[in-house]
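Colleague: Dropping in start-v7.txt, which is compact mmCIF, C-alpha atoms and all ligand atoms:
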# COMPACT_ATOMS: atom_id res chain seq x y z
CA MET A 1 149.17 117.90 10.80
CA LYS A 2 146.98 120.43 12.55
CA ARG A 3 148.12 121.31 16.02
CA GLU A 4 144.71 120.59 17.60
CA PHE A 5 144.62 117.18 15.97
CA LEU A 6 148.10 116.37 17.25
CA PHE A 7 147.04 117.46 20.72
CA LEU A 8 143.97 115.20 20.65
CA LEU A 9 146.04 112.35 19.35
CA LEU A 10 148.50 112.71 22.22
CA LEU A 11 145.74 113.19 24.77
CA PHE A 12 143.59 110.21 23.89
CA ALA A 13 146.05 107.76 22.45
CA ASN A 14 149.18 107.62 24.51
CA SER A 15 150.76 104.88 22.42
CA VAL A 16 148.87 105.26 19.15
CA ILE A 17 150.22 106.75 15.93
CA PHE A 18 147.88 107.30 12.98
CA GLY A 19 145.28 105.00 14.51
CA GLN A 20 147.74 102.18 15.08
CA LYS A 21 149.09 101.04 18.41
CA ILE A 22 152.81 101.55 18.50
CA SER A 23 155.14 99.27 20.41
CA PRO A 24 157.43 100.74 23.07
CA SER A 25 160.09 98.14 22.12
CA TRP A 26 162.83 99.80 20.08
CA GLU A 27 163.55 96.57 18.17
CA GLU A 28 159.92 95.99 17.21
CA LEU A 29 159.53 99.37 15.50
CA THR A 30 160.20 99.98 11.83
CA SER A 31 162.62 102.77 11.04
CA GLU A 32 159.72 105.00 9.97
CA GLU A 33 157.77 104.24 13.15
CA PHE A 34 160.87 104.89 15.23
CA ALA A 35 161.05 108.53 14.12
CA LYS A 36 157.40 108.96 15.18
CA ALA A 37 158.00 107.11 18.44
CA VAL A 38 160.77 109.57 19.35
CA LYS A 39 158.23 112.40 19.13
CA LEU A 40 155.52 110.46 20.94
CA SER A 41 157.93 109.57 23.75
CA GLU A 42 158.90 113.26 24.06
CA GLY A 43 162.48 112.10 23.76
CA VAL A 44 162.47 109.61 26.64
CA CYS A 45 164.07 106.17 26.46
CA ILE A 46 164.36 103.56 29.21
CA ILE A 47 167.30 101.15 29.37
CA PRO A 48 166.23 98.17 31.47
CA ILE A 49 169.50 96.68 32.75
CA GLY A 50 169.76 93.13 33.98
CA VAL A 51 172.51 90.54 34.03
CA ILE A 52 172.90 86.84 33.29
CA GLU A 53 173.56 85.07 36.59
CA LYS A 54 172.43 82.14 38.72
CA HIS A 55 169.17 82.66 40.61
CA GLY A 56 169.08 79.69 42.96
CA GLN A 57 168.24 76.36 41.34
CA HIS A 58 164.69 77.37 40.48
CA LEU A 59 164.83 80.62 38.44
CA PRO A 60 166.34 81.27 35.00
CA LEU A 61 169.72 82.95 34.53
CA GLY A 62 168.00 85.87 32.85
CA THR A 63 165.63 86.63 35.77
CA ASP A 64 166.82 90.24 36.22
CA VAL A 65 166.71 90.88 32.47
CA TYR A 66 163.13 89.57 32.18
CA ASN A 67 162.01 91.46 35.25
CA ALA A 68 163.53 94.85 34.36
CA ARG A 69 162.28 94.62 30.76
CA GLU A 70 158.75 93.60 31.68
CA ILE A 71 158.40 96.39 34.28
CA SER A 72 159.73 98.89 31.73
CA LEU A 73 157.47 97.68 28.91
CA ARG A 74 154.35 97.79 31.09
CA ALA A 75 155.27 101.22 32.51
CA ALA A 76 155.89 102.48 28.96
CA ALA A 77 152.48 101.15 27.93
CA LYS A 78 150.92 103.40 30.61
CA GLU A 79 153.09 106.44 29.86
CA TYR A 80 154.69 106.09 26.45
CA ALA A 81 158.48 105.86 26.25
CA ILE A 82 160.82 103.86 24.04
CA VAL A 83 162.37 100.79 25.68
CA PHE A 84 165.95 99.95 24.66
CA PRO A 85 166.65 96.39 23.37
CA THR A 86 167.61 93.56 25.74
CA TYR A 87 170.58 94.64 27.86
CA TYR A 88 172.62 92.28 30.06
CA VAL A 89 176.07 93.89 30.24
CA GLY A 90 176.14 94.29 34.02
CA GLN A 91 178.48 93.96 37.01
CA ILE A 92 178.49 90.34 38.16
CA ASN A 93 182.03 89.36 39.11
CA GLU A 94 180.76 87.81 42.35
CA ALA A 95 179.00 84.98 40.47
CA LYS A 96 181.90 83.90 38.26
CA HIS A 97 182.10 80.61 40.17
CA GLN A 98 178.55 79.66 39.09
CA PRO A 99 177.68 78.05 35.72
CA GLY A 100 176.08 80.30 33.12
CA THR A 101 177.27 83.67 34.45
CA ILE A 102 178.29 86.26 31.85
CA ALA A 103 180.70 88.70 33.49
CA TYR A 104 182.26 91.34 31.23
CA SER A 105 185.27 93.41 32.30
CA PRO A 106 184.77 96.71 34.19
CA GLU A 107 186.07 98.69 31.17
CA MET A 108 183.61 96.94 28.86
CA LEU A 109 180.64 97.64 31.17
CA TYR A 110 181.42 101.33 31.24
CA LYS A 111 182.14 101.70 27.54
CA PHE A 112 179.16 99.63 26.45
CA LEU A 113 176.75 101.71 28.50
CA GLN A 114 178.27 105.03 27.44
CA GLU A 115 178.19 104.11 23.77
CA SER A 116 174.61 102.85 24.12
CA CYS A 117 173.61 106.22 25.61
CA ASP A 118 175.51 108.07 22.85
CA GLU A 119 173.61 106.05 20.24
CA ILE A 120 170.28 106.79 21.91
CA SER A 121 171.14 110.51 21.84
CA ARG A 122 172.30 110.36 18.21
CA ASN A 123 168.82 109.05 17.41
CA GLY A 124 167.25 112.19 18.85
CA ILE A 125 166.41 111.03 22.39
CA LYS A 126 167.85 113.32 25.04
CA LYS A 127 166.45 111.87 28.27
CA ILE A 128 167.58 108.38 29.26
CA ILE A 129 166.13 106.51 32.23
CA ILE A 130 168.16 103.60 33.55
CA MET A 131 165.90 100.98 35.11
CA ASN A 132 168.15 98.64 37.04
CA GLY A 133 167.01 95.08 37.74
CA HIS A 134 170.20 93.82 39.41
CA GLY A 135 171.50 94.82 42.86
CA GLY A 136 175.14 94.23 41.85
CA ASN A 137 174.85 97.13 39.40
CA ASN A 138 173.86 99.79 41.94
CA ASN A 139 177.29 101.23 42.74
CA PHE A 140 178.48 101.05 39.13
CA LEU A 141 175.39 102.86 37.82
CA LYS A 142 175.61 105.70 40.35
CA TYR A 143 179.29 106.17 39.47
CA PHE A 144 178.51 106.02 35.74
CA CYS A 145 175.76 108.60 36.15
CA GLN A 146 177.97 110.97 38.17
CA CYS A 147 180.71 110.69 35.53
CA GLN A 148 178.34 112.15 32.92
CA LEU A 149 179.55 115.56 34.11
CA ALA A 150 183.12 114.71 33.10
CA ALA A 151 182.52 115.70 29.46
CA GLU A 152 179.99 118.02 27.86
CA LYS A 153 176.97 116.29 26.37
CA ASP A 154 173.51 117.16 25.07
CA TYR A 155 171.55 114.50 26.94
CA ALA A 156 170.76 113.63 30.53
CA ILE A 157 170.76 110.29 32.33
CA PHE A 158 168.36 109.54 35.16
CA ILE A 159 168.47 106.45 37.36
CA TYR A 160 165.08 105.18 38.45
CA THR A 161 165.27 104.84 42.25
CA PRO A 162 162.22 102.86 43.38
CA GLU A 163 160.81 103.36 46.83
CA ALA A 164 158.75 100.82 48.73
CA ASP A 165 155.16 101.91 49.05
CA ALA A 166 154.17 101.33 52.72
CA GLU A 167 150.69 100.01 51.97
CA THR A 168 151.89 97.50 49.34
CA GLN A 169 154.76 96.44 51.60
CA LYS A 170 152.32 95.75 54.43
CA LYS A 171 150.18 93.54 52.17
CA ILE A 172 153.28 91.69 50.93
CA SER A 173 154.60 91.08 54.48
CA GLU A 174 151.23 89.66 55.49
CA LEU A 175 151.39 87.18 52.59
CA ARG A 176 155.08 86.27 52.95
CA LYS A 177 156.17 83.05 54.64
CA SER A 178 159.83 84.06 55.00
CA ASN A 179 161.46 87.20 56.35
CA THR A 180 164.93 86.84 54.86
CA GLY A 181 165.91 87.52 51.29
CA GLY A 182 167.88 89.46 48.75
CA HIS A 183 168.37 87.20 45.75
CA ALA A 184 166.11 84.59 44.10
CA ASP A 185 164.11 84.96 47.32
CA GLU A 186 160.39 84.69 47.99
CA VAL A 187 159.52 88.06 46.41
CA GLU A 188 161.76 87.76 43.34
CA SER A 189 160.51 84.21 42.75
CA SER A 190 156.92 85.43 43.12
CA GLU A 191 157.53 88.11 40.48
CA MET A 192 158.84 85.47 38.08
CA MET A 193 155.84 83.25 38.81
CA TYR A 194 153.70 86.23 37.81
CA ILE A 195 155.51 87.21 34.59
CA LYS A 196 157.27 84.02 33.39
CA PRO A 197 155.60 81.04 35.13
CA GLU A 198 156.80 78.66 32.42
CA LEU A 199 160.43 79.30 33.45
CA VAL A 200 160.02 78.80 37.22
CA LYS A 201 160.87 75.42 38.79
CA MET A 202 159.57 75.78 42.34
CA GLY A 203 160.28 72.10 43.04
CA ARG A 204 163.98 73.10 43.03
CA ALA A 205 163.61 76.06 45.41
CA ASN A 206 165.01 74.16 48.39
CA ALA A 207 167.58 72.15 46.46
CA GLU A 208 170.27 74.37 48.03
CA SER A 209 170.42 76.61 51.08
CA GLY A 210 169.82 80.35 50.77
CA ALA A 211 170.70 80.94 54.42
CA GLU A 212 173.19 83.67 55.28
CA LEU A 213 176.64 82.38 56.29
CA ASN A 214 178.66 84.86 58.29
CA ARG A 215 182.12 83.97 57.14
CA LEU A 216 183.59 87.47 57.54
CA ASN A 217 183.68 89.65 60.61
CA LEU A 218 184.64 93.14 59.39
CA LYS A 219 182.98 95.99 61.23
CA ASN A 220 182.92 99.30 59.28
CA ALA A 221 184.88 97.88 56.37
CA TYR A 222 183.89 96.76 52.87
CA THR A 223 185.56 94.09 50.79
CA ALA A 224 184.68 92.54 47.42
CA ILE A 225 184.26 88.96 48.62
CA TRP A 226 181.48 89.95 51.09
CA TRP A 227 178.64 88.46 49.03
CA TYR A 228 180.42 85.13 48.52
CA GLY A 229 181.20 85.22 52.24
CA LYS A 230 177.47 85.30 52.97
CA TYR A 231 175.83 83.44 50.07
CA PRO A 232 178.21 81.03 48.25
CA ASN A 233 175.24 79.34 46.50
CA HIS A 234 174.22 82.68 44.96
CA TYR A 235 170.85 82.33 46.62
CA ALA A 236 169.72 84.58 49.49
CA GLY A 237 166.47 83.83 51.26
CA ASP A 238 163.88 81.07 51.15
CA ALA A 239 161.70 81.05 48.04
CA THR A 240 159.47 78.11 48.95
CA GLY A 241 156.53 80.34 49.98
CA ALA A 242 156.50 82.28 46.69
CA SER A 243 153.10 83.00 45.11
CA VAL A 244 151.65 84.73 42.07
CA GLU A 245 149.71 87.02 44.44
CA ILE A 246 152.89 88.41 46.06
CA GLY A 247 154.49 88.72 42.63
CA GLU A 248 151.60 90.68 41.17
CA LEU A 249 151.54 93.14 44.09
CA SER A 250 155.28 93.78 44.05
CA PHE A 251 155.49 93.96 40.26
CA ASN A 252 152.56 96.30 39.75
CA GLN A 253 153.84 98.69 42.39
CA GLU A 254 157.03 99.07 40.36
CA VAL A 255 155.14 99.47 37.08
CA GLN A 256 153.10 102.27 38.63
CA GLN A 257 156.13 104.02 40.12
CA LEU A 258 158.15 103.82 36.93
CA SER A 259 155.29 105.15 34.81
CA GLU A 260 155.10 108.15 37.16
CA VAL A 261 158.85 108.68 36.81
CA ILE A 262 158.50 108.68 33.00
CA ARG A 263 155.79 111.34 33.29
CA ILE A 264 157.90 113.51 35.63
CA ILE A 265 160.99 113.23 33.42
CA LYS A 266 158.97 114.10 30.30
CA SER A 267 157.93 117.39 31.83
CA ASP A 268 161.31 118.14 33.40
CA LYS A 269 163.22 120.94 31.68
CA ALA A 270 165.45 121.93 34.60
CA THR A 271 167.94 119.05 34.33
CA ILE A 272 169.03 119.71 30.73
CA ASN A 273 169.01 123.50 31.31
CA LEU A 274 171.19 123.19 34.40
CA GLN A 275 173.58 120.86 32.58
CA LYS A 276 173.85 123.40 29.73
CA LYS A 277 174.49 126.25 32.15
CA PHE A 278 177.05 124.16 34.02
CA PHE A 279 178.95 123.16 30.84
CA ASN A 280 178.90 126.79 29.60
CA GLU A 281 180.55 127.93 32.79
CA TRP A 282 183.54 125.73 31.99
CA HIS A 283 184.60 127.96 29.11
ZN ZN B 1 167.76 88.88 40.56
What do you get writing this file as C-alpha cells?

Modeller:
Amino acid sequence: MKREFLFLLLLFANSVIFGQKISPSWEELTSEEFAKAVKLSEGVCIIPIGVIEKHGQHLPLGTDVYNAREISLRAAAKEYAIVFPTYYVGQINEAKHQPGTIAYSPEMLYKFLQESCDEISRNGIKKIIIMNGHGGNNNFLKYFCQCQLAAEKDYAIFIYTPEADAETQKKISELRKSNTGGHADEVESSEMMYIKPELVKMGRANAESGAELNRLNLKNAYTAIWWYGKYPNHYAGDATGASVEIGELSFNQEVQQLSEVIRIIKSDKATINLQKKFFNEWH
C-alpha cells in the first residue's frame, strides 16, 4: 500500500480498514482483521476491568463490567484502540456475604491480569490501558502496575485515572437529588439507566438502606472490614433520584476523557524508552 494512501486512510477513517468499519472489540474481529486492528490501534489495547457484585437491589451484578466496557468501546470508537474481552476478575472480598458475588483469590487476580497482559503483548500490542470500573480494585491495580518494574518486559501498562471536569460536575450537582453516594448510588444508577435501561429496576432502589453506618471508630488506621462497617447492604447512597440526563452527562465525560488518554498514549514514546533504559541499567 502506498504511504500516502495509508496516511489518508488513517486520517479520514479512524476505525475503517479497506472501506469497512472495524470493531474495537477483540472478540468480534476475525484473526485477519485482528492483525490489521493492531496496526490501526498503533499498538494500544484497553482492558476494561469490572467485577461481579451486588449493586443495591436495583442494578445488575455486572454493573461495573457493563459500565467500564461501554465507556471503553465508545472511547475506542472516537480514537481507535482494541478493547479486551469481558473481564471480571477483580478484588471483591468485601461482598462475599452477598448473593451472586464472584470473588477470586488474591493470587488468581494477580496472575490472571499478568497473563492477560502477556498475551496482549505476545499479539503485538505494547501499550495497555487499564480502565477500572470498580473502586475495590484501585489499590490492587496501582500495586500491580508498580510491580511491572520487578521483571524486564517489552510493554507498558497505563492506568486510566479519570478526573472530574468542574463544569460537568456542576451540572450534575444541580440535577442530583442526593448528596451521598459511592456505590449503586444516584450517579451510578443514572449511568446504567443511560446505557442498560432494560436491566435497571428503579422500583427496588429504596428496598434497602444505603445510608452510612459508622460502626468503627478508628482514627488514622485502616482495616479490611471498613466497608462492611459502613455499608453492610453493599449499597452506598440514595439512588431514587437517578435520571438518564445525569447518566448521560457523567458517562460522556468519561468517554471524552478516555478517548483523549488513548490519543496521548498512542503518541507517547517516552514511557517505553525509559523502561528500556531502566532495564538496561540493571545489567
Ligand atoms: Zn459499581

Colleague: Which residues of chain A have any atom within 10 Å of an atom in ligand ZN 1 (chain B) when counting only C-alpha atoms and all ligand atoms, and what is the closest pair of atoms for each, with the distance in Å to one decimal? Order the rows by chain and rising number and write it as CSV.

Modeller:
residue,atom,partner,partner_atom,distance
A:Gly50,CA,B:ZN1,ZN,8.1
A:Val51,CA,B:ZN1,ZN,8.2
A:Ile52,CA,B:ZN1,ZN,9.1
A:Glu53,CA,B:ZN1,ZN,8.0
A:Lys54,CA,B:ZN1,ZN,8.4
A:His55,CA,B:ZN1,ZN,6.4
A:Gly56,CA,B:ZN1,ZN,9.6
A:Leu59,CA,B:ZN1,ZN,9.0
A:Pro60,CA,B:ZN1,ZN,9.5
A:Leu61,CA,B:ZN1,ZN,8.7
A:Gly62,CA,B:ZN1,ZN,8.3
A:Thr63,CA,B:ZN1,ZN,5.7
A:Asp64,CA,B:ZN1,ZN,4.6
A:Val65,CA,B:ZN1,ZN,8.4
A:Tyr66,CA,B:ZN1,ZN,9.6
A:Asn67,CA,B:ZN1,ZN,8.2
A:Ala68,CA,B:ZN1,ZN,9.6
A:Gly133,CA,B:ZN1,ZN,6.9
A:His134,CA,B:ZN1,ZN,5.6
A:Gly135,CA,B:ZN1,ZN,7.4
A:Gly136,CA,B:ZN1,ZN,9.2
A:Gly182,CA,B:ZN1,ZN,8.2
A:His183,CA,B:ZN1,ZN,5.5
A:Ala184,CA,B:ZN1,ZN,5.8
A:Asp185,CA,B:ZN1,ZN,8.6
A:Glu188,CA,B:ZN1,ZN,6.7
A:Ser189,CA,B:ZN1,ZN,8.9
A:Met192,CA,B:ZN1,ZN,9.9
A:His234,CA,B:ZN1,ZN,10.0
A:Tyr235,CA,B:ZN1,ZN,9.4

Colleague: Fewer than 2 positions away in the same chain doesn't count, so skip those; otherwise give me all residues within 12 Å of Trp282 in chain A, counting all atoms listed in the file, as a ChimeraX atom specification.

Modeller: /A:149-152,275-280

Colleague: Skipping near chain neighbours, those fewer than 4 positions away, what residues fall within 7 Å of Lys126 in chain A using only C-alpha atoms, listed as a tab-separated table (two decimals) with C-alpha atoms, keeping the file's coordinate frame?

Modeller:
chain	number	residue	atom	x	y	z
A	43	GLY	CA	162.48	112.10	23.76
A	44	VAL	CA	162.47	109.61	26.64
A	121	SER	CA	171.14	110.51	21.84
A	154	ASP	CA	173.51	117.16	25.07
A	155	TYR	CA	171.55	114.50	26.94
A	156	ALA	CA	170.76	113.63	30.53

Colleague: I'd like the contact shell of Asn132 in chain A - 12 Å cut-off, only C-alpha atoms, skipping same-chain residues fewer than 3 positions apart - returned as a ChimeraX atom specification.

Modeller: /A:46-51,64-72,87-91,129,135-142,158-162,254,258

Colleague: Just the residues within 8 Å of Glu245 in chain A, please, counting only C-alpha atoms, with nothing from its chain fewer than 4 positions along; format it as a list in words.

Modeller: Ser190, Tyr194 and Leu249 of chain A

Colleague: Could you tell me which of A:Pro24, A:Lys36, A:Lys230, A:Lys127 comes closest to Asn217 in chain A if we count all atoms listed in the file?

Modeller: A:Lys230

Colleague: Just the residues within 10 Å of Met202 in chain A, please, counting all atoms listed in the file, with nothing from its chain fewer than 6 positions along; format it as a VMD selection string.

Modeller: chain A and resid 57 to 59 189 193 239 to 242

Colleague: Could you check which of A:Glu212, A:Asn206, A:Phe112, A:Ser250 is closest to Lys170 in chain A, using all atoms listed in the file?

Modeller: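 Smallest separation from Lys170 in chain A among the options: A:Ser250.
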
Colleague: For Gln169 in chain A, which residue among A:Asn93, A:Gln253, A:Thr271, A:Ser41 is the nearest when counting all atoms listed in the file?

Modeller: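 Closest candidate: A:Gln253.
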
Colleague: Would you mind telling me which residue in A:Phe144, A:Trp227, A:Leu73, A:Met131 lies nearest to Leu113 in chain A when using only C-alpha atoms?

Modeller: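 Result for the nearest residue to Leu113 in chain A: A:Phe144.
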
Colleague: As an exercise, work out the distance from CA of Thr101 in chain A to CA of Trp226 in chain A in Å and give it to one decimal place.

Modeller: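 Between CA of Thr101 in chain A and CA of Trp226 in chain A the gap works out to 18.3 Å.
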
Colleague: One decimal, in Å: what's the spacing between CA of Leu216 in chain A and CA of Pro99 in chain A?

Modeller: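 Taking CA of Leu216 in chain A as the start and CA of Pro99 in chain A as the end point, the length is 24.5 Å.
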
Colleague: Just how far from CA of Tyr228 in chain A is CA of Leu213 in chain A, in Å to one decimal?

Modeller: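 Here the two named atoms are 9.1 Å from each other.
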